[in-house]
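Containing compact mmCIF, C-alpha atoms: upload.txt.
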# COMPACT_ATOMS: atom_id res chain seq x y z
CA MET A 1490 153.61 121.03 91.27
CA LEU A 1491 149.89 121.29 90.73
CA PRO A 1492 146.56 120.66 92.41
CA PRO A 1493 144.40 117.60 91.75
CA THR A 1494 141.58 119.93 90.69
CA PRO A 1495 142.05 123.23 88.82
CA GLY A 1496 141.46 126.20 91.09
CA LEU A 1497 142.60 124.51 94.29
CA PRO A 1498 145.96 125.31 95.92
CA PRO A 1499 148.81 122.84 95.43
CA PRO A 1500 149.05 120.08 98.04
CA THR A 1501 151.32 120.43 101.01
CA VAL A 1502 154.03 117.86 101.64
CA ASP A 1503 151.85 116.08 104.21
CA GLU A 1504 148.82 116.12 101.90
CA LEU A 1505 150.70 114.56 99.00
CA GLU A 1506 152.33 112.02 101.31
CA ARG A 1507 148.83 110.86 102.30
CA VAL A 1508 147.63 110.81 98.69
CA MET A 1509 150.54 108.64 97.60
CA VAL A 1510 149.64 105.91 100.08
CA GLY A 1511 146.65 104.82 97.99
CA ALA A 1512 148.64 104.48 94.79
CA TRP A 1513 151.01 101.93 96.35
CA PRO A 1514 148.95 100.34 99.14
CA ALA A 1515 150.39 98.06 101.78
CA ALA A 1516 148.91 94.69 102.62
CA GLU A 1517 148.55 95.67 106.28
CA THR A 1518 148.25 99.13 107.83
CA ALA A 1519 147.71 100.57 111.29
CA PRO A 1520 147.20 104.22 112.27
CA LEU A 1521 149.31 105.80 114.97
CA GLY A 1522 147.66 109.18 115.35
CA GLY A 1523 148.37 110.88 112.03
CA TRP A 1524 151.10 108.38 111.17
CA LEU A 1525 150.46 105.23 109.16
CA LEU A 1526 152.33 101.98 109.79
CA ARG A 1527 152.59 99.76 106.69
CA ALA A 1528 153.73 96.16 106.22
CA THR A 1529 153.78 93.88 103.18
CA GLY A 1530 156.11 91.04 104.02
CA GLY A 1531 159.16 93.12 103.14
CA PHE A 1532 158.10 93.84 99.54
CA THR A 1533 159.40 97.37 98.84
CA GLN A 1534 160.46 99.83 101.49
CA ARG A 1535 157.52 102.08 100.64
CA ALA A 1536 155.02 99.37 101.61
CA ASN A 1537 156.98 98.45 104.75
CA SER A 1538 157.61 101.79 106.42
CA VAL A 1539 155.87 104.42 108.52
CA MET A 1540 154.39 107.43 106.75
CA THR A 1541 154.86 110.24 109.29
CA ALA A 1542 152.60 112.98 107.93
CA GLY A 1543 150.82 114.45 110.96
CA ASP A 1544 151.09 114.01 114.71
CA PRO A 1545 151.41 110.52 116.31
CA HIS A 1546 149.33 111.81 119.27
CA ARG A 1547 151.88 110.70 121.84
CA PRO A 1548 155.43 111.68 122.82
CA LEU A 1549 157.87 110.99 120.00
CA GLY A 1550 159.89 108.45 121.96
CA ALA A 1551 156.76 106.50 122.87
CA ALA A 1552 155.58 106.64 119.26
CA LEU A 1553 158.85 105.16 118.01
CA ASP A 1554 158.75 102.48 120.71
CA ALA A 1555 155.28 101.51 119.41
CA VAL A 1556 156.58 101.49 115.84
CA GLU A 1557 159.48 99.20 116.71
CA SER A 1558 157.20 96.80 118.58
CA TRP A 1559 154.72 96.66 115.70
CA TYR A 1560 157.38 95.75 113.15
CA ALA A 1561 159.12 93.32 115.50
CA GLU A 1562 155.83 91.43 115.81
CA ARG A 1563 155.98 90.98 112.03
CA SER A 1564 159.67 90.02 111.96
CA LEU A 1565 160.45 93.16 109.96
CA PRO A 1566 162.94 95.95 110.62
CA ALA A 1567 161.36 99.22 111.68
CA ARG A 1568 161.50 101.71 108.81
CA VAL A 1569 160.34 105.30 109.11
CA THR A 1570 160.08 107.93 106.39
CA VAL A 1571 160.49 111.66 107.03
CA ALA A 1572 159.41 114.13 104.36
CA GLY A 1573 160.20 117.76 103.69
CA PRO A 1574 161.45 120.20 101.07
CA VAL A 1575 163.56 119.09 98.11
CA GLY A 1576 167.08 118.52 99.39
CA LEU A 1577 165.90 117.38 102.83
CA ARG A 1578 168.50 115.85 105.15
CA PRO A 1579 167.18 113.60 107.93
CA ASP A 1580 169.03 115.59 110.61
CA GLU A 1581 167.02 118.64 109.55
CA HIS A 1582 163.75 116.91 110.44
CA PRO A 1583 162.70 116.58 114.11
CA VAL A 1584 161.71 112.94 113.70
CA GLY A 1585 164.73 112.23 111.54
CA GLN A 1586 167.12 113.59 114.16
CA VAL A 1587 165.64 111.37 116.87
CA LEU A 1588 165.87 108.37 114.56
CA LEU A 1589 169.53 109.11 113.87
CA ASP A 1590 170.13 109.38 117.63
CA ARG A 1591 168.59 105.89 117.96
CA GLY A 1592 171.04 104.53 115.42
CA TYR A 1593 168.69 104.35 112.45
CA VAL A 1594 170.43 104.30 109.07
CA PRO A 1595 169.15 106.54 106.26
CA ARG A 1596 169.05 105.45 102.65
CA VAL A 1597 169.37 107.77 99.67
CA ALA A 1598 166.60 110.36 99.53
CA THR A 1599 163.59 109.89 97.29
CA THR A 1600 162.16 112.74 95.20
CA CYS A 1601 158.40 112.97 94.67
CA LEU A 1602 157.41 114.68 91.42
CA THR A 1603 154.07 115.85 90.05
CA ALA A 1604 152.74 116.75 86.61
CA ALA A 1605 149.51 117.43 84.78
CA ALA A 1606 148.31 114.25 83.09
CA ASP A 1607 147.46 116.00 79.84
CA THR A 1608 150.90 117.63 79.72
CA VAL A 1609 152.60 114.25 80.05
CA ALA A 1610 150.27 112.70 77.49
CA ARG A 1611 151.10 115.40 74.94
CA SER A 1612 154.83 115.26 75.62
CA ALA A 1613 154.98 111.46 75.43
CA ALA A 1614 153.18 111.51 72.09
CA SER A 1615 156.69 111.87 70.65
CA ALA A 1616 157.23 108.13 71.20
CA PRO A 1617 157.85 106.13 68.01
CA GLY A 1618 154.59 105.35 66.25
CA ASP A 1619 155.46 101.69 65.77
CA VAL A 1620 155.50 100.98 69.54
CA ALA A 1621 152.26 99.29 70.53
CA VAL A 1622 151.38 99.57 74.22
CA ARG A 1623 148.77 97.21 75.64
CA VAL A 1624 146.80 98.67 78.55
CA THR A 1625 144.61 96.66 80.91
CA SER A 1626 143.13 96.92 84.39
CA ASP A 1627 144.14 93.32 85.13
CA LEU A 1628 147.49 92.18 86.47
CA THR A 1629 148.63 89.38 84.16
CA ASP A 1630 151.21 86.73 84.94
CA ALA A 1631 153.28 88.00 82.02
CA TRP A 1632 153.31 91.55 83.40
CA LEU A 1633 154.33 90.33 86.85
CA GLU A 1634 157.04 88.11 85.40
CA ALA A 1635 158.48 91.08 83.49
CA TYR A 1636 158.36 93.18 86.65
CA ARG A 1637 160.29 90.45 88.42
CA GLY A 1638 162.95 90.89 85.77
CA TYR A 1639 164.33 93.87 87.66
CA ARG A 1640 163.21 93.40 91.26
CA GLU A 1641 162.24 90.61 93.62
CA ALA A 1642 158.46 90.38 93.84
CA PRO A 1643 157.04 87.61 96.03
CA GLU A 1644 153.43 86.57 95.73
CA VAL A 1645 152.39 89.23 98.25
CA ALA A 1646 153.36 91.81 95.62
CA ARG A 1647 150.01 91.14 93.98
CA VAL A 1648 148.32 92.73 96.98
CA VAL A 1649 150.18 96.00 96.42
CA LEU A 1650 149.91 95.97 92.65
CA THR A 1651 146.15 95.36 92.66
CA GLY A 1652 145.26 97.16 95.89
CA SER A 1653 144.53 100.71 94.73
CA PRO A 1654 140.91 101.81 94.22
CA ALA A 1655 141.76 101.35 90.52
CA GLN A 1656 144.92 100.55 88.59
CA VAL A 1657 146.15 100.35 85.03
CA PHE A 1658 148.93 98.10 83.74
CA ALA A 1659 150.78 98.96 80.55
CA ALA A 1660 153.09 96.66 78.59
CA VAL A 1661 155.01 96.51 75.33
CA GLU A 1662 155.30 93.01 73.95
CA GLY A 1663 158.24 91.61 72.00
CA THR A 1664 158.88 88.30 70.29
CA GLU A 1665 160.42 86.86 73.47
CA GLY A 1666 158.12 88.37 76.08
CA LEU A 1667 157.37 91.82 77.46
CA LEU A 1668 159.95 94.49 76.76
CA ALA A 1669 158.58 97.29 78.95
CA VAL A 1670 155.97 97.70 81.69
CA GLY A 1671 154.49 100.38 83.91
CA ARG A 1672 151.67 100.80 86.41
CA LEU A 1673 149.26 103.61 87.25
CA GLY A 1674 147.54 103.53 90.65
CA LEU A 1675 144.44 105.73 90.89
CA ALA A 1676 143.54 107.04 94.35
CA ASP A 1677 142.20 110.24 95.89
CA GLY A 1678 141.83 111.99 92.56
CA TRP A 1679 145.47 111.43 91.57
CA GLY A 1680 147.35 108.92 89.45
CA GLY A 1681 150.55 107.44 90.83
CA LEU A 1682 153.08 106.09 88.34
CA ALA A 1683 155.34 103.24 89.41
CA ALA A 1684 156.98 99.98 88.29
CA MET A 1685 158.39 101.58 85.15
CA TRP A 1686 160.81 99.12 83.56
CA THR A 1687 162.38 98.52 80.15
CA ASP A 1688 164.36 95.41 79.24
CA HIS A 1689 168.03 96.33 78.81
CA ARG A 1690 167.95 94.83 75.30
CA ALA A 1691 165.25 97.27 74.23
CA ARG A 1692 166.43 100.56 75.70
CA ARG A 1693 166.82 103.78 73.72
CA ARG A 1694 163.92 102.80 71.47
CA GLY A 1695 161.29 105.03 73.05
CA LEU A 1696 159.48 102.23 74.90
CA ALA A 1697 159.52 103.97 78.29
CA THR A 1698 158.11 107.12 76.71
CA ALA A 1699 155.39 105.08 75.02
CA VAL A 1700 154.44 103.41 78.32
CA LEU A 1701 154.47 106.76 80.12
CA GLY A 1702 152.21 108.27 77.48
CA ALA A 1703 149.78 105.35 77.58
CA LEU A 1704 149.44 105.61 81.35
CA ALA A 1705 149.00 109.38 81.23
CA ARG A 1706 146.25 108.99 78.63
CA SER A 1707 144.60 106.38 80.84
CA ALA A 1708 144.59 108.92 83.67
CA CYS A 1709 142.98 111.50 81.39
CA THR A 1710 140.34 108.98 80.31
CA ALA A 1711 139.55 108.37 83.99
CA ASP A 1712 139.21 112.17 84.45
CA VAL A 1713 142.30 112.21 86.66
CA ARG A 1714 144.17 115.44 86.00
CA SER A 1715 147.27 115.11 88.16
CA LEU A 1716 150.08 112.56 88.39
CA HIS A 1717 152.74 111.81 90.96
CA LEU A 1718 155.73 109.50 90.97
CA GLN A 1719 158.80 108.79 93.07
CA THR A 1720 162.40 108.09 92.19
CA ASP A 1721 165.66 108.10 94.11
CA THR A 1722 167.62 111.34 93.94
CA ASP A 1723 170.66 109.52 92.58
CA ASN A 1724 168.71 108.11 89.62
CA THR A 1725 169.67 110.99 87.37
CA ALA A 1726 168.60 109.28 84.15
CA ALA A 1727 165.04 108.70 85.40
CA LEU A 1728 164.79 112.20 86.81
CA ALA A 1729 165.89 113.70 83.49
CA THR A 1730 163.33 111.62 81.58
CA TYR A 1731 160.44 112.54 83.85
CA ARG A 1732 161.33 116.22 83.91
CA ARG A 1733 161.55 116.21 80.13
CA HIS A 1734 157.92 115.10 80.03
CA GLY A 1735 156.62 117.74 82.42
CA PHE A 1736 157.23 116.41 85.93
CA VAL A 1737 158.59 118.82 88.53
CA PRO A 1738 159.91 118.03 92.03
CA HIS A 1739 157.38 118.51 94.83
CA HIS A 1740 159.28 117.25 97.90
CA ASP A 1741 161.79 114.70 99.14
CA TYR A 1742 161.58 112.00 101.75
CA VAL A 1743 164.19 109.84 103.45
CA THR A 1744 163.60 106.32 104.76
CA LEU A 1745 165.56 105.33 107.86
CA THR A 1746 165.93 101.72 109.04
CA SER A 1747 166.40 100.52 112.58
CA PRO A 1748 169.84 99.18 113.51

Show me, as structure tokens, the structure contained in the file I just sent.
Amino acid sequence: MLPPTPGLPPPTVDELERVMVGAWPAAETAPLGGWLLRATGGFTQRANSVMTAGDPHRPLGAALDAVESWYAERSLPARVTVAGPVGLRPDEHPVGQVLLDRGYVPRVATTCLTAAADTVARSAASAPGDVAVRVTSDLTDAWLEAYRGYREAPEVARVVLTGSPAQVFAAVEGTEGLLAVGRLGLADGWGGLAAMWTDHRARRRGLATAVLGALARSACTADVRSLHLQTDTDNTAALATYRRHGFVPHHDYVTLTSP
């Protein structure tokens, strides 16, 4: 892990949790003390869950009652994330244990990784030279359609994808449409990588590496020195790829959903 500015100490778990919010912003947010409630019509668990870095400024039971009411008003299940060291189990976290006692169901843990942007840019320069990556600050219909090729993305997804202080969209075009995409959200001095996808017909051709490199270079051009990304702990292929290009685990979080 590394700091956003050379010479500063690495971020704590809570600090990076707060930083990551801006790279994947929800359509609607509400503070609850140090917690942040997020809702985006159900599009992605990250944009529809509570970030629990900090103190909710009320007894834990009352805080969770408020969370459940807030999501019920939006016809959404209450989802709460708890973050801690790599390998975190929800029953090892004070909030996680209370959620389990309430019947909340945990999903697979998510690992948050960090890397220096210039390190990733140099490593990803190994991508095949014949792969042309188009980079733009605008979300195009073609990019969104390709993204929808691997996950459901209703119209409200545009709010998340274009809601960072700045963002960069990368794409590799083929004869029948886009073959690979990725997004970089710039917020709080960091770049957050997400929405990395390669068409199954074009895998093992270095396209993901080319997209990763293009986004890392975009971060460097914007004078952003540090990157973060998230992937599920059971996605061993993605973890191996990111670690090969310089990313190291910073912390894990677990999202728990109300019964």

Considering only C-alpha atoms, return as a list in words whatever protein or nucleic-acid residues lie within 6 Å of region 1679-1692 of chain A, sequence-local ones (same chain, fewer than 6 positions apart) excluded. Ala1512, Leu1668, Ala1669, Val1670, Gly1671, Arg1672, Leu1673, Val1713, Ser1715, Leu1716, His1717 and Leu1718 of chain A

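Across A:Leu1602, A:Ala1676, A:Leu1549, A:Leu1633, the tightest approach to Pro1654 (chain A) is made by A:Ala1676 when counting all atoms listed in the file.
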
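Nearest-residue note for Leu1577 (chain A): choosing from A:Thr1600, A:Asp1590, A:Val1624, A:Ser1747, the minimum distance belongs to A:Thr1600, counting only C-alpha atoms.
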
Could you check the closest approach to Gln1586 (chain A) for each of A:Val1571, A:Ala1604, A:Ala1614, A:Leu1525 and tell me which residue wins, using only C-alpha atoms? A:Val1571

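Of note, CA of Cys1709 (chain A) and CA of Gly1674 (chain A) are spaced 13.0 Å apart.
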
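Considering all atoms listed in the file, the residue among A:Trp1559, A:Tyr1593, A:Phe1532, A:Trp1632 positioned nearest to Pro1748 (chain A) is A:Tyr1593.
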
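Taking CA of Ala1660 (chain A) as the reference point, CA of Val1700 (chain A) is found at 6.9 Å.
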
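Between His1582 (chain A) and the residues A:Thr1541, A:Thr1603, A:Gln1656, A:Gln1719, the shortest atom-to-atom distance, using only C-alpha atoms, involves A:Thr1541.
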
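Shortest atom-to-atom contact with Gly1530 (chain A) among A:Leu1701, A:Cys1601, A:Ala1646, A:Ala1711: A:Ala1646, counting all atoms listed in the file.
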
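Note that the spacing between CA of Gly1735 (chain A) and CA of Thr1722 (chain A) amounts to 17.2 Å.
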
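The shell of residues at most 12 Å from Arg1714 (chain A), with all atoms listed in the file counted and near chain neighbours (fewer than 5 positions) removed, consists of Leu1491, Pro1492, Pro1493, Thr1494, Pro1495, Thr1603, Ala1604, Ala1605, Ala1606, Asp1607, Thr1608, Val1609, Ala1610, Leu1675, Ala1676, Asp1677, Gly1678, Trp1679, Gly1680, Gly1681, Ala1705, Arg1706, Ser1707, Ala1708 and Cys1709 of chain A.
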
Near Glu1557 (chain A), within 10 Å and counting all atoms listed in the file, which residues show up once chain neighbours fewer than 2 positions away are dropped, as a compact mmCIF listing (two decimals) with C-alpha atoms, keeping the file's coordinate frame?
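Output below, filename result-v4.txt:
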# COMPACT_ATOMS: atom_id res chain seq x y z
CA ALA A 1551 156.76 106.50 122.87
CA ALA A 1552 155.58 106.64 119.26
CA LEU A 1553 158.85 105.16 118.01
CA ASP A 1554 158.75 102.48 120.71
CA ALA A 1555 155.28 101.51 119.41
CA TRP A 1559 154.72 96.66 115.70
CA TYR A 1560 157.38 95.75 113.15
CA ALA A 1561 159.12 93.32 115.50
CA GLU A 1562 155.83 91.43 115.81
CA LEU A 1565 160.45 93.16 109.96
CA PRO A 1566 162.94 95.95 110.62
CA ALA A 1567 161.36 99.22 111.68
CA ARG A 1568 161.50 101.71 108.81
CA VAL A 1569 160.34 105.30 109.11
CA SER A 1747 166.40 100.52 112.58
